[in-house]
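Structure file my_file31.txt (compact mmCIF, N, CA and C atoms) is printed below.
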# COMPACT_ATOMS: atom_id res chain seq x y z
N MET H 5 -10.48 43.88 34.24
CA MET H 5 -10.04 42.62 34.76
C MET H 5 -9.27 41.88 33.67
N LYS H 6 -8.12 41.41 34.01
CA LYS H 6 -7.24 40.73 33.11
C LYS H 6 -7.39 39.23 33.32
N ILE H 7 -7.49 38.49 32.17
CA ILE H 7 -7.56 37.03 32.28
C ILE H 7 -6.15 36.49 32.14
N LYS H 8 -5.76 35.72 33.11
CA LYS H 8 -4.43 35.15 33.14
C LYS H 8 -4.47 33.77 32.45
N PRO H 9 -3.70 33.60 31.35
CA PRO H 9 -3.72 32.30 30.69
C PRO H 9 -3.07 31.25 31.57
N GLY H 10 -3.73 30.12 31.67
CA GLY H 10 -3.20 29.02 32.49
C GLY H 10 -2.73 27.88 31.59
N ARG H 11 -2.51 26.78 32.21
CA ARG H 11 -2.12 25.61 31.45
C ARG H 11 -3.32 25.11 30.64
N PRO H 12 -3.09 24.56 29.47
CA PRO H 12 -4.22 24.04 28.69
C PRO H 12 -4.79 22.79 29.37
N SER H 13 -6.05 22.60 29.18
CA SER H 13 -6.70 21.43 29.77
C SER H 13 -6.20 20.16 29.07
N PRO H 14 -6.36 19.00 29.70
CA PRO H 14 -5.95 17.75 29.05
C PRO H 14 -6.65 17.54 27.70
N ALA H 15 -7.91 17.94 27.58
CA ALA H 15 -8.63 17.80 26.33
C ALA H 15 -7.99 18.64 25.23
N MET H 16 -7.58 19.87 25.58
CA MET H 16 -6.92 20.74 24.61
C MET H 16 -5.57 20.15 24.20
N ALA H 17 -4.83 19.56 25.11
CA ALA H 17 -3.54 18.95 24.80
C ALA H 17 -3.72 17.78 23.83
N VAL H 18 -4.73 16.93 24.08
CA VAL H 18 -5.00 15.80 23.19
C VAL H 18 -5.41 16.31 21.80
N ALA H 19 -6.24 17.35 21.75
CA ALA H 19 -6.69 17.90 20.48
C ALA H 19 -5.51 18.47 19.69
N LEU H 20 -4.58 19.16 20.36
CA LEU H 20 -3.42 19.71 19.67
C LEU H 20 -2.50 18.60 19.13
N VAL H 21 -2.30 17.56 19.94
CA VAL H 21 -1.48 16.43 19.49
C VAL H 21 -2.12 15.79 18.25
N ALA H 22 -3.44 15.58 18.29
CA ALA H 22 -4.14 14.98 17.15
C ALA H 22 -4.02 15.87 15.91
N LEU H 23 -4.12 17.17 16.09
CA LEU H 23 -4.00 18.10 14.98
C LEU H 23 -2.63 18.01 14.33
N PHE H 24 -1.58 18.00 15.13
CA PHE H 24 -0.23 17.95 14.59
C PHE H 24 0.07 16.59 13.94
N LEU H 25 -0.44 15.53 14.50
CA LEU H 25 -0.24 14.22 13.89
C LEU H 25 -0.96 14.11 12.55
N ALA H 26 -2.18 14.65 12.48
CA ALA H 26 -2.93 14.61 11.23
C ALA H 26 -2.23 15.41 10.14
N ALA H 27 -1.76 16.58 10.49
CA ALA H 27 -1.05 17.41 9.52
C ALA H 27 0.27 16.76 9.11
N GLY H 28 0.94 16.15 10.06
CA GLY H 28 2.21 15.48 9.77
C GLY H 28 2.03 14.26 8.89
N GLY H 29 0.92 13.55 9.02
CA GLY H 29 0.65 12.39 8.18
C GLY H 29 0.54 12.75 6.72
N ASN H 30 -0.07 13.89 6.41
CA ASN H 30 -0.17 14.35 5.03
C ASN H 30 1.20 14.70 4.48
N VAL H 31 2.04 15.25 5.31
CA VAL H 31 3.39 15.59 4.87
C VAL H 31 4.15 14.31 4.54
N VAL H 32 3.98 13.27 5.37
CA VAL H 32 4.65 12.00 5.11
C VAL H 32 4.13 11.40 3.80
N ALA H 33 2.82 11.42 3.57
CA ALA H 33 2.24 10.88 2.35
C ALA H 33 2.72 11.66 1.13
N TYR H 34 2.83 12.96 1.25
CA TYR H 34 3.30 13.79 0.16
C TYR H 34 4.76 13.47 -0.16
N GLY H 35 5.50 13.07 0.83
CA GLY H 35 6.92 12.77 0.65
C GLY H 35 7.20 11.43 0.00
N LEU H 36 6.16 10.57 -0.19
CA LEU H 36 6.38 9.29 -0.84
C LEU H 36 6.71 9.51 -2.30
N GLY H 37 7.62 8.75 -2.82
CA GLY H 37 8.03 8.89 -4.22
C GLY H 37 7.10 8.17 -5.18
N ARG H 38 7.33 8.37 -6.46
CA ARG H 38 6.57 7.71 -7.51
C ARG H 38 6.79 6.20 -7.42
N ASN H 39 5.72 5.42 -7.62
CA ASN H 39 5.76 3.96 -7.58
C ASN H 39 6.22 3.42 -6.23
N SER H 40 5.95 4.13 -5.15
CA SER H 40 6.37 3.67 -3.83
C SER H 40 5.26 2.91 -3.10
N VAL H 41 4.07 2.81 -3.69
CA VAL H 41 2.98 2.04 -3.10
C VAL H 41 2.98 0.67 -3.76
N HIS H 42 3.00 -0.38 -2.95
CA HIS H 42 3.08 -1.75 -3.46
C HIS H 42 1.79 -2.50 -3.13
N SER H 43 1.66 -3.71 -3.68
CA SER H 43 0.47 -4.53 -3.47
C SER H 43 0.17 -4.74 -2.00
N ARG H 44 1.21 -4.96 -1.21
CA ARG H 44 0.99 -5.24 0.21
C ARG H 44 0.44 -4.02 0.96
N ASP H 45 0.54 -2.84 0.36
CA ASP H 45 0.06 -1.61 1.00
C ASP H 45 -1.42 -1.34 0.71
N ILE H 46 -2.04 -2.12 -0.17
CA ILE H 46 -3.42 -1.88 -0.59
C ILE H 46 -4.34 -2.93 0.01
N ALA H 47 -5.47 -2.50 0.53
CA ALA H 47 -6.45 -3.42 1.12
C ALA H 47 -7.04 -4.32 0.04
N PRO H 48 -7.39 -5.56 0.37
CA PRO H 48 -8.00 -6.46 -0.61
C PRO H 48 -9.28 -5.86 -1.21
N ARG H 49 -9.42 -6.01 -2.52
CA ARG H 49 -10.59 -5.55 -3.29
C ARG H 49 -10.77 -4.03 -3.25
N ALA H 50 -9.73 -3.29 -2.91
CA ALA H 50 -9.84 -1.83 -2.86
C ALA H 50 -9.63 -1.20 -4.24
N VAL H 51 -8.94 -1.90 -5.14
CA VAL H 51 -8.69 -1.38 -6.48
C VAL H 51 -9.48 -2.21 -7.48
N LYS H 52 -10.22 -1.52 -8.35
CA LYS H 52 -11.03 -2.19 -9.37
C LYS H 52 -10.30 -2.12 -10.71
N ALA H 53 -10.68 -2.99 -11.64
CA ALA H 53 -10.05 -3.01 -12.96
C ALA H 53 -10.19 -1.66 -13.65
N SER H 54 -11.31 -0.99 -13.46
CA SER H 54 -11.52 0.30 -14.11
C SER H 54 -10.54 1.37 -13.59
N ASP H 55 -9.98 1.16 -12.39
CA ASP H 55 -9.00 2.09 -11.85
C ASP H 55 -7.64 1.94 -12.54
N LEU H 56 -7.41 0.81 -13.18
CA LEU H 56 -6.09 0.51 -13.74
C LEU H 56 -5.94 0.92 -15.19
N GLY H 57 -6.98 0.77 -15.98
CA GLY H 57 -6.88 1.10 -17.40
C GLY H 57 -7.62 0.08 -18.24
N HIS H 58 -7.35 0.09 -19.53
CA HIS H 58 -8.02 -0.80 -20.47
C HIS H 58 -7.21 -2.07 -20.66
N PHE H 59 -7.90 -3.21 -20.70
CA PHE H 59 -7.26 -4.51 -20.88
C PHE H 59 -7.65 -5.11 -22.22
N LYS H 60 -6.76 -5.91 -22.77
CA LYS H 60 -7.03 -6.66 -23.99
C LYS H 60 -6.65 -8.11 -23.73
N LEU H 61 -7.45 -9.05 -24.23
CA LEU H 61 -7.14 -10.47 -24.13
C LEU H 61 -6.56 -10.90 -25.47
N ARG H 62 -5.29 -11.26 -25.45
CA ARG H 62 -4.60 -11.68 -26.68
C ARG H 62 -4.55 -13.20 -26.72
N ARG H 63 -4.78 -13.77 -27.90
CA ARG H 63 -4.75 -15.22 -28.09
C ARG H 63 -3.55 -15.60 -28.94
N SER H 64 -3.09 -16.83 -28.73
CA SER H 64 -1.92 -17.31 -29.46
C SER H 64 -2.30 -17.70 -30.88
N GLY H 65 -1.25 -17.90 -31.65
CA GLY H 65 -1.41 -18.51 -32.96
C GLY H 65 -1.62 -20.00 -32.74
N PRO H 66 -1.42 -20.81 -33.77
CA PRO H 66 -1.63 -22.25 -33.61
C PRO H 66 -0.68 -22.86 -32.58
N ILE H 67 -1.20 -23.82 -31.84
CA ILE H 67 -0.39 -24.57 -30.88
C ILE H 67 0.46 -25.56 -31.65
N LEU H 68 1.72 -25.69 -31.29
CA LEU H 68 2.59 -26.67 -31.92
C LEU H 68 2.41 -28.00 -31.21
N ASP H 69 1.87 -28.99 -31.91
CA ASP H 69 1.61 -30.32 -31.34
C ASP H 69 2.16 -31.37 -32.30
N PRO H 70 3.40 -31.85 -32.07
CA PRO H 70 4.00 -32.82 -32.99
C PRO H 70 3.56 -34.27 -32.77
N ASP H 71 2.62 -34.54 -31.86
CA ASP H 71 2.18 -35.90 -31.60
C ASP H 71 1.58 -36.50 -32.88
N ALA H 72 2.08 -37.66 -33.30
CA ALA H 72 1.67 -38.26 -34.58
C ALA H 72 0.41 -39.11 -34.46
N THR H 73 0.26 -39.85 -33.36
CA THR H 73 -0.86 -40.78 -33.24
C THR H 73 -1.67 -40.45 -32.00
N ALA H 74 -2.96 -40.24 -32.17
CA ALA H 74 -3.82 -39.88 -31.05
C ALA H 74 -4.10 -41.09 -30.17
N HIS H 75 -4.11 -40.86 -28.87
CA HIS H 75 -4.53 -41.83 -27.85
C HIS H 75 -3.74 -43.15 -27.87
N ASP H 76 -2.44 -43.05 -28.18
CA ASP H 76 -1.60 -44.25 -28.18
C ASP H 76 -0.83 -44.43 -26.88
N GLY H 77 -1.03 -43.50 -25.93
CA GLY H 77 -0.34 -43.58 -24.64
C GLY H 77 1.04 -42.95 -24.65
N ILE H 78 1.48 -42.43 -25.78
CA ILE H 78 2.78 -41.78 -25.86
C ILE H 78 2.54 -40.28 -25.96
N TYR H 79 2.99 -39.57 -24.92
CA TYR H 79 2.76 -38.12 -24.85
C TYR H 79 3.99 -37.39 -25.39
N THR H 80 3.74 -36.35 -26.16
CA THR H 80 4.82 -35.50 -26.66
C THR H 80 4.58 -34.08 -26.18
N GLY H 81 5.61 -33.28 -26.27
CA GLY H 81 5.50 -31.89 -25.82
C GLY H 81 4.79 -31.02 -26.84
N ALA H 82 3.81 -30.29 -26.40
CA ALA H 82 3.10 -29.32 -27.23
C ALA H 82 3.22 -27.97 -26.55
N GLY H 83 3.13 -26.91 -27.30
CA GLY H 83 3.26 -25.61 -26.65
C GLY H 83 2.82 -24.46 -27.52
N GLY H 84 2.68 -23.31 -26.88
CA GLY H 84 2.31 -22.09 -27.57
C GLY H 84 2.51 -20.90 -26.66
N ARG H 85 2.42 -19.72 -27.26
CA ARG H 85 2.54 -18.50 -26.47
C ARG H 85 1.68 -17.41 -27.05
N ALA H 86 1.15 -16.60 -26.15
CA ALA H 86 0.36 -15.42 -26.54
C ALA H 86 1.17 -14.20 -26.16
N LYS H 87 1.27 -13.26 -27.07
CA LYS H 87 2.15 -12.11 -26.88
C LYS H 87 1.35 -10.82 -26.88
N CYS H 88 1.68 -9.94 -25.96
CA CYS H 88 1.08 -8.60 -25.95
C CYS H 88 1.68 -7.78 -27.08
N LYS H 89 0.92 -6.83 -27.58
CA LYS H 89 1.41 -5.96 -28.65
C LYS H 89 2.35 -4.90 -28.07
N LEU H 90 3.09 -4.26 -28.95
CA LEU H 90 4.03 -3.22 -28.56
C LEU H 90 3.31 -2.12 -27.78
N GLY H 91 3.83 -1.75 -26.64
CA GLY H 91 3.22 -0.72 -25.80
C GLY H 91 2.25 -1.27 -24.77
N GLU H 92 1.98 -2.58 -24.78
CA GLU H 92 1.10 -3.20 -23.79
C GLU H 92 1.95 -3.92 -22.76
N ARG H 93 1.37 -4.10 -21.57
CA ARG H 93 2.09 -4.76 -20.48
C ARG H 93 1.36 -6.05 -20.10
N LEU H 94 2.12 -7.14 -20.00
CA LEU H 94 1.55 -8.44 -19.64
C LEU H 94 1.14 -8.43 -18.17
N ILE H 95 -0.10 -8.84 -17.88
CA ILE H 95 -0.59 -8.95 -16.52
C ILE H 95 -0.59 -10.41 -16.08
N THR H 96 -1.23 -11.28 -16.86
CA THR H 96 -1.28 -12.71 -16.55
C THR H 96 -1.68 -13.47 -17.82
N GLY H 97 -1.82 -14.77 -17.71
CA GLY H 97 -2.20 -15.56 -18.87
C GLY H 97 -2.66 -16.94 -18.48
N GLY H 98 -2.86 -17.79 -19.46
CA GLY H 98 -3.29 -19.16 -19.22
C GLY H 98 -3.62 -19.84 -20.53
N SER H 99 -4.38 -20.92 -20.46
CA SER H 99 -4.78 -21.62 -21.68
C SER H 99 -6.29 -21.78 -21.69
N GLU H 100 -6.80 -21.95 -22.88
CA GLU H 100 -8.23 -22.06 -23.07
C GLU H 100 -8.50 -23.24 -24.00
N GLN H 101 -9.45 -24.07 -23.62
CA GLN H 101 -9.81 -25.21 -24.44
C GLN H 101 -10.98 -24.82 -25.32
N THR H 102 -10.80 -24.97 -26.62
CA THR H 102 -11.85 -24.57 -27.55
C THR H 102 -12.57 -25.77 -28.15
N GLY H 103 -12.00 -26.96 -28.03
CA GLY H 103 -12.59 -28.14 -28.65
C GLY H 103 -13.17 -29.09 -27.62
N GLU H 104 -12.86 -30.35 -27.81
CA GLU H 104 -13.37 -31.46 -27.00
C GLU H 104 -13.19 -31.18 -25.50
N ALA H 105 -14.31 -31.10 -24.76
CA ALA H 105 -14.28 -30.73 -23.34
C ALA H 105 -13.77 -31.87 -22.48
N GLY H 106 -12.95 -31.54 -21.50
CA GLY H 106 -12.51 -32.50 -20.48
C GLY H 106 -11.65 -33.63 -21.02
N THR H 107 -10.85 -33.36 -22.04
CA THR H 107 -10.03 -34.42 -22.60
C THR H 107 -8.96 -34.89 -21.61
N PRO H 108 -8.78 -36.21 -21.44
CA PRO H 108 -7.73 -36.72 -20.56
C PRO H 108 -6.40 -36.83 -21.28
N TYR H 109 -6.34 -36.40 -22.55
CA TYR H 109 -5.14 -36.60 -23.36
C TYR H 109 -4.27 -35.35 -23.47
N MET H 110 -4.53 -34.37 -22.64
CA MET H 110 -3.75 -33.14 -22.68
C MET H 110 -3.55 -32.66 -21.25
N ARG H 111 -2.31 -32.44 -20.84
CA ARG H 111 -1.99 -31.99 -19.48
C ARG H 111 -1.03 -30.80 -19.53
N VAL H 112 -1.30 -29.78 -18.71
CA VAL H 112 -0.38 -28.65 -18.62
C VAL H 112 0.87 -29.11 -17.86
N VAL H 113 2.02 -28.91 -18.47
CA VAL H 113 3.29 -29.27 -17.85
C VAL H 113 3.91 -28.05 -17.19
N ASP H 114 3.85 -26.93 -17.89
CA ASP H 114 4.51 -25.72 -17.40
C ASP H 114 3.84 -24.52 -18.05
N GLU H 115 3.68 -23.45 -17.28
CA GLU H 115 3.17 -22.21 -17.85
C GLU H 115 3.73 -21.05 -17.06
N GLY H 116 3.85 -19.92 -17.72
CA GLY H 116 4.35 -18.75 -17.02
C GLY H 116 4.67 -17.61 -17.97
N PRO H 117 5.09 -16.49 -17.39
CA PRO H 117 5.38 -15.32 -18.21
C PRO H 117 6.74 -15.42 -18.88
N VAL H 118 6.87 -14.72 -20.00
CA VAL H 118 8.15 -14.51 -20.67
C VAL H 118 8.35 -13.00 -20.66
N PRO H 119 8.94 -12.45 -19.56
CA PRO H 119 8.99 -10.99 -19.39
C PRO H 119 9.67 -10.24 -20.52
N ALA H 120 10.72 -10.79 -21.09
CA ALA H 120 11.44 -10.06 -22.14
C ALA H 120 10.57 -9.84 -23.37
N GLU H 121 9.57 -10.70 -23.58
CA GLU H 121 8.71 -10.59 -24.75
C GLU H 121 7.31 -10.09 -24.42
N GLU H 122 7.00 -9.82 -23.14
CA GLU H 122 5.64 -9.47 -22.73
C GLU H 122 4.67 -10.53 -23.26
N ALA H 123 5.00 -11.80 -22.96
CA ALA H 123 4.21 -12.92 -23.48
C ALA H 123 3.94 -13.93 -22.36
N TRP H 124 2.95 -14.80 -22.60
CA TRP H 124 2.62 -15.89 -21.68
C TRP H 124 2.83 -17.20 -22.43
N ARG H 125 3.58 -18.13 -21.83
CA ARG H 125 3.91 -19.39 -22.46
C ARG H 125 3.24 -20.55 -21.73
N VAL H 126 2.74 -21.53 -22.50
CA VAL H 126 2.17 -22.75 -21.91
C VAL H 126 2.76 -23.94 -22.65
N ARG H 127 3.19 -24.96 -21.88
CA ARG H 127 3.63 -26.23 -22.46
C ARG H 127 2.75 -27.34 -21.93
N TRP H 128 2.36 -28.25 -22.82
CA TRP H 128 1.51 -29.36 -22.47
C TRP H 128 2.20 -30.68 -22.79
N ALA H 129 1.71 -31.74 -22.18
CA ALA H 129 2.01 -33.11 -22.62
C ALA H 129 0.78 -33.54 -23.39
N SER H 130 0.95 -33.88 -24.67
CA SER H 130 -0.20 -34.14 -25.55
C SER H 130 -0.16 -35.55 -26.11
N ASP H 131 -1.32 -36.19 -26.10
CA ASP H 131 -1.53 -37.47 -26.79
C ASP H 131 -2.78 -37.31 -27.66
N MET H 132 -2.82 -36.19 -28.38
CA MET H 132 -4.02 -35.87 -29.18
C MET H 132 -3.78 -36.01 -30.67
N GLY H 133 -2.62 -36.52 -31.07
CA GLY H 133 -2.37 -36.72 -32.50
C GLY H 133 -2.36 -35.45 -33.31
N GLY H 134 -1.86 -34.37 -32.74
CA GLY H 134 -1.79 -33.09 -33.44
C GLY H 134 -3.04 -32.24 -33.33
N ALA H 135 -4.09 -32.77 -32.70
CA ALA H 135 -5.36 -32.04 -32.61
C ALA H 135 -5.31 -30.87 -31.63
N ALA H 136 -4.27 -30.82 -30.80
CA ALA H 136 -4.17 -29.70 -29.85
C ALA H 136 -4.09 -28.37 -30.58
N ALA H 137 -3.57 -28.40 -31.81
CA ALA H 137 -3.47 -27.16 -32.59
C ALA H 137 -4.84 -26.55 -32.85
N GLU H 138 -5.89 -27.37 -32.91
CA GLU H 138 -7.23 -26.84 -33.14
C GLU H 138 -8.03 -26.67 -31.85
N ASP H 139 -7.68 -27.43 -30.81
CA ASP H 139 -8.53 -27.48 -29.61
C ASP H 139 -8.05 -26.61 -28.45
N PHE H 140 -6.85 -26.05 -28.52
CA PHE H 140 -6.32 -25.26 -27.41
C PHE H 140 -5.69 -23.97 -27.91
N VAL H 141 -5.79 -22.92 -27.11
CA VAL H 141 -5.09 -21.66 -27.38
C VAL H 141 -4.49 -21.15 -26.08
N VAL H 142 -3.44 -20.36 -26.22
CA VAL H 142 -2.84 -19.67 -25.09
C VAL H 142 -3.41 -18.25 -25.08
N VAL H 143 -3.74 -17.74 -23.88
CA VAL H 143 -4.27 -16.38 -23.78
C VAL H 143 -3.37 -15.55 -22.87
N ALA H 144 -3.29 -14.27 -23.16
CA ALA H 144 -2.54 -13.32 -22.34
C ALA H 144 -3.43 -12.12 -22.06
N LEU H 145 -3.48 -11.69 -20.81
CA LEU H 145 -4.21 -10.48 -20.44
C LEU H 145 -3.21 -9.33 -20.44
N CYS H 146 -3.45 -8.36 -21.30
CA CYS H 146 -2.50 -7.26 -21.49
C CYS H 146 -3.14 -5.94 -21.07
N LEU H 147 -2.36 -5.11 -20.40
CA LEU H 147 -2.80 -3.78 -20.00
C LEU H 147 -2.30 -2.78 -21.04
N MET H 148 -3.25 -2.04 -21.62
CA MET H 148 -2.88 -1.03 -22.61
C MET H 148 -2.39 0.20 -21.89
N ARG H 149 -1.22 0.67 -22.24
CA ARG H 149 -0.61 1.83 -21.56
C ARG H 149 -1.09 3.13 -22.13
Could you quickly redo this structure as structure tokens?
Amino acid sequence: MKIKPGRPSPAMAVALVALFLAAGGNVVAYGLGRNSVHSRDIAPRAVKASDLGHFKLRRSGPILDPDATAHDGIYTGAGGRAKCKLGERLITGGSEQTGEAGTPYMRVVDEGPVPAEEAWRVRWASDMGGAAAEDFVVVALCLMR
């Protein structure tokens, strides 16, 4: 007795379509180029710091604060920058207060990256009479390559 092959059942058709789509998805993923995955493609909290590499926190040298008289109501520009070492990549940065907590005499005016130098820059308005040099530092988070 000979078995005559018939049409595949609907379940078999769905299974074959799923098989080909699954195999094709891997081919598409394999075809993606280097650095083609971006932040928007990754689910929140899916990547941990340990997945990225080693980080170093770099601190600035002395803050430049030319204010001559403390608490006189005249604010002058103060500033500093923290720079990553050669071969490191700047991730982010900010400022850190090391002295008198909650001082009303120092305000951040502007801060941001300096990409050409792999550095983070912070500028303040200071009425601290030069004390910002001891009480504040700029920090940069650097990724070691």
Seminar exercise, completed: Shortest contact to Met148 in chain H, candidates H:Arg93, H:Arg63, H:His42, H:Arg11, atoms counted all atoms listed in the file, goes to H:Arg93
Exercise. Hey, which of H:Leu147, H:Ala26, H:Ile7, H:Met110 ends up closest to Leu61 in chain H? Count all atoms listed in the file.
Worked result: H:Leu147
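Separating atom N of Asp139 in chain H from CA of Pro66 in chain H is a distance of 8.4 Å.
Interatomic distance, atom N of Val143 in chain H against atom N of Val118 in chain H: 11.7 Å.
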Problem set entry | H:Val21, H:Arg149, H:Ala136, H:Ser130 ranked by distance to Ile78 in chain H, top pick (using all atoms listed in the file) |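 Answer, going by the shortest atom-to-atom distance: H:Ser130.
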Problem set entry | Selected residue of minimal separation from Arg111 in chain H among H:Ala53, H:Ala144, H:Val18, H:Met132, counting only C-alpha atoms |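 For Arg111 in chain H, the nearest of the candidates is H:Met132.
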For this session: May I have the residues within 5 Å of Ala86 in chain H as a PyMOL selection string, using only N, CA and C atoms and disregarding those fewer than 5 positions away in the same chain?
Result: chain H and resi 63-64+123-124+142
For this session: Please give the complete set of residues from range 33-101 of chain H that DSSP, run on the backbone, assigns to alpha helix (DSSP H), formatted as a PyMOL selection string.
Result: chain H and resi 33-34+53-56
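Among H:Glu115, H:Lys52, H:Thr96, H:Ala135, the residue with the shortest atom-to-atom distance to Ala74 in chain H, counting only N, CA and C atoms, is H:Ala135.
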For Thr80 in chain H: contacts at 8 Å, all atoms listed in the file, fewer than 2 positions along chain excluded, given as a PDB file with N, CA and C atoms, in the coordinates of the input:
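For reference, selection-v5.pdb as written:
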ATOM      1  N   ASP H  69       1.870 -28.990 -31.910  1.00  0.00           N
ATOM      2  CA  ASP H  69       1.610 -30.320 -31.340  1.00  0.00           C
ATOM      3  C   ASP H  69       2.160 -31.370 -32.300  1.00  0.00           C
ATOM      4  N   PRO H  70       3.400 -31.850 -32.070  1.00  0.00           N
ATOM      5  CA  PRO H  70       4.000 -32.820 -32.990  1.00  0.00           C
ATOM      6  C   PRO H  70       3.560 -34.270 -32.770  1.00  0.00           C
ATOM      7  N   ASP H  71       2.620 -34.540 -31.860  1.00  0.00           N
ATOM      8  CA  ASP H  71       2.180 -35.900 -31.600  1.00  0.00           C
ATOM      9  C   ASP H  71       1.580 -36.500 -32.880  1.00  0.00           C
ATOM     10  N   ALA H  72       2.080 -37.660 -33.300  1.00  0.00           N
ATOM     11  CA  ALA H  72       1.670 -38.260 -34.580  1.00  0.00           C
ATOM     12  C   ALA H  72       0.410 -39.110 -34.460  1.00  0.00           C
ATOM     13  N   GLY H  77      -1.030 -43.500 -25.930  1.00  0.00           N
ATOM     14  CA  GLY H  77      -0.340 -43.580 -24.640  1.00  0.00           C
ATOM     15  C   GLY H  77       1.040 -42.950 -24.650  1.00  0.00           C
ATOM     16  N   ILE H  78       1.480 -42.430 -25.780  1.00  0.00           N
ATOM     17  CA  ILE H  78       2.780 -41.780 -25.860  1.00  0.00           C
ATOM     18  C   ILE H  78       2.540 -40.280 -25.960  1.00  0.00           C
ATOM     19  N   ALA H  82       3.810 -30.290 -26.400  1.00  0.00           N
ATOM     20  CA  ALA H  82       3.100 -29.320 -27.230  1.00  0.00           C
ATOM     21  C   ALA H  82       3.220 -27.970 -26.550  1.00  0.00           C
ATOM     22  N   GLY H  83       3.130 -26.910 -27.300  1.00  0.00           N
ATOM     23  CA  GLY H  83       3.260 -25.610 -26.650  1.00  0.00           C
ATOM     24  C   GLY H  83       2.820 -24.460 -27.520  1.00  0.00           C
ATOM     25  N   TRP H 128       2.360 -28.250 -22.820  1.00  0.00           N
ATOM     26  CA  TRP H 128       1.510 -29.360 -22.470  1.00  0.00           C
ATOM     27  C   TRP H 128       2.200 -30.680 -22.790  1.00  0.00           C
ATOM     28  N   ALA H 129       1.710 -31.740 -22.180  1.00  0.00           N
ATOM     29  CA  ALA H 129       2.010 -33.110 -22.620  1.00  0.00           C
ATOM     30  C   ALA H 129       0.780 -33.540 -23.390  1.00  0.00           C
ATOM     31  N   SER H 130       0.950 -33.880 -24.670  1.00  0.00           N
ATOM     32  CA  SER H 130      -0.200 -34.140 -25.550  1.00  0.00           C
ATOM     33  C   SER H 130      -0.160 -35.550 -26.110  1.00  0.00           C
ATOM     34  N   ASP H 131      -1.320 -36.190 -26.100  1.00  0.00           N
ATOM     35  CA  ASP H 131      -1.530 -37.470 -26.790  1.00  0.00           C
ATOM     36  C   ASP H 131      -2.780 -37.310 -27.660  1.00  0.00           C
ATOM     37  N   MET H 132      -2.820 -36.190 -28.380  1.00  0.00           N
ATOM     38  CA  MET H 132      -4.020 -35.870 -29.180  1.00  0.00           C
ATOM     39  C   MET H 132      -3.780 -36.010 -30.670  1.00  0.00           C
TER      40      MET H 132
END
For this session: May I ask for the distance between CA of Thr102 in chain H and CA of Glu121 in chain H, given in Å to one decimal place?
Result: 25.0 Å
Exercise. Between H:Leu94, H:Cys146, H:Ala50, H:Val126, which is the closest to Gly81 in chain H once you count only C-alpha atoms?
Worked result: H:Val126
